[in-house]
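Single-structure report; data block below.
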Amino acid sequence: MQAIANTAGFHFAFIEQGGTSLYPTLALKATSDEVLRILLSIGGVEIDHFSLWHDKAGNAVSQPLAGVTDPETGLTFPDLNDPATLARLHLQLELTQTNKILPEPCDFLQREALPPCSVIRPTSTALGGAVATVKAFAADGLFNAQVEDFFDVAMRLASAADNVKRQLES
């Protein structure tokens with residue numbers, strides 16, 4: 001049961017992480033003030049959800065629940081607070097502390113152009129748009145139970161959303 005809960009925790013964080021890119025990316029294309037307000041409002045909630053699930057997923061695999069192995073599948077959740085585990089995964093303890101819920105400073109755009117700053121997700125259409133989101137969900141297996149027509153419709157809608165060009169009033 002713990003392995004199922006851990007999997008859900010990481011899956012929900014993955015979904016919310018995508019929303020933190022998708023809504024601002026779509027907001028950059030909005031031509032209606034009402035649509036812009038909706039996208040920005042939903043985007044803020046997605047960011048909040050991501051931080052909550054990020055925190056929950058990290059805590060789910062700390063002691064005493066760390067090291068849980070699903071007896072059916074063999075899936076193991078390592079202790080993300082164990083320095084030996086982090087070294088084996090080539091991760092730094094400071095950047096992977098499971099009690100942190102806010103984005104950590106990182107190189108953004110170009111190392112020379114900007115100092116490290118906190119970012120959550122990209123806001124380019126190529127990396128954070130609707131097509132990228134649908135592809136990520138499909139790669140994660142989210143659509144495995146769906147008929148092919150479902151994926152086709154989702155991809156057509158995503159392509160249409162990504163192809164919108166913002167028209168500013170003069």
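Labels used: A, B, ... for chains in the order of the structure tokens, numbers from 1 for residues in each chain, and numbers from 1 for ligands as shown.
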
### Task
Write out as number ranges by chain the residues lying within 10 Å of A:Ile42, counting only C-alpha atoms and excluding same-chain residues fewer than 5 positions away.
A: 19-20, 23-24, 36-37, 47-48

Create the file for the chosen residues now, containing C-alpha atoms and written as a PDB file, in the first residue's frame.
ATOM      1  CA  GLY A  19       0.624  22.782 -15.218  1.00  0.00           C
ATOM      2  CA  THR A  20       3.172  25.260 -13.916  1.00  0.00           C
ATOM      3  CA  TYR A  23      -0.795  27.870 -17.985  1.00  0.00           C
ATOM      4  CA  PRO A  24       1.851  30.644 -18.184  1.00  0.00           C
ATOM      5  CA  LEU A  36      -5.740  35.867 -19.495  1.00  0.00           C
ATOM      6  CA  ARG A  37      -7.222  36.287 -15.998  1.00  0.00           C
ATOM      7  CA  ILE A  47       2.135  26.216  -8.799  1.00  0.00           C
ATOM      8  CA  ASP A  48       0.708  25.866  -5.301  1.00  0.00           C
TER       9      ASP A  48
END

For A:Gly18, list every protein, DNA or RNA residue within 8 Å, evaluated using only C-alpha atoms, and leave out those in the same chain fewer than 3 positions away; present the list as a PDB file with C-alpha atoms, in the first residue's frame.
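Everything below was put into selection.pdb:
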ATOM      1  CA  PHE A  14       4.588  15.350 -12.177  1.00  0.00           C
ATOM      2  CA  ILE A  15       1.117  16.412 -13.348  1.00  0.00           C
ATOM      3  CA  SER A  21       4.508  25.496 -17.481  1.00  0.00           C
ATOM      4  CA  LEU A  22       1.304  25.053 -19.442  1.00  0.00           C
ATOM      5  CA  ARG A 121       9.350  25.351 -15.323  1.00  0.00           C
ATOM      6  CA  GLY A 128       6.069  23.936 -21.777  1.00  0.00           C
ATOM      7  CA  THR A 133       2.299  18.570 -22.028  1.00  0.00           C
TER       8      THR A 133
END

### All helix (DSSP H, G or I) positions in stretch 4-149 of chain A, as a ChimeraX atom specification
/A:4-27,33-60,83-88,93-96,125-128,130-139,148-149

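Distance annotation: of A:Leu26, A:Leu52, A:Asp149, A:Ala139, the residue with the minimal separation from A:Leu40 is A:Leu26; atom set is only C-alpha atoms.
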
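You can rank A:Ala160, A:Ala13, A:Ala3, A:Leu89 by their closest distance to A:His49 using only C-alpha atoms, and at the top of that list sits A:Ala13.
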
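Distance-wise, atom CA of A:Ala8 and atom CA of A:Asp70 end up 13.7 Å apart.
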
### Query
When DSSP works through the backbone of this structure, what residues of chain A end up as strand (DSSP E or B), shown as JSON, numbers by chain?
{"A": [69, 76, 105, 106, 117, 118]}

Just write the chosen residues, C-alpha atoms, as a PDB file, in the first residue's frame.
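Final output, saved to part_11.pdb:
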ATOM      1  CA  THR A  69       9.901  -2.238  -1.790  1.00  0.00           C
ATOM      2  CA  THR A  76      11.884   0.381  -4.454  1.00  0.00           C
ATOM      3  CA  PRO A 105      18.124  28.909  -7.459  1.00  0.00           C
ATOM      4  CA  CYS A 106      19.586  27.559 -10.680  1.00  0.00           C
ATOM      5  CA  CYS A 117      17.396  32.552  -9.760  1.00  0.00           C
ATOM      6  CA  SER A 118      14.467  30.366  -8.743  1.00  0.00           C
TER       7      SER A 118
END

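Counting from atom CA of A:Glu16, the distance to atom CA of A:Val45 is 9.2 Å.
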
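Counting only C-alpha atoms, the residue from A:Pro122, A:Arg166, A:Ala161, A:Leu114 that sits nearest to A:Val134 is A:Ala161.
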
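Of the residues under consideration (A:Thr85, A:Asn144, A:Asn59, A:Thr31), A:Thr31 shows the shortest atom-to-atom contact distance to A:Gln167 when counting only C-alpha atoms.
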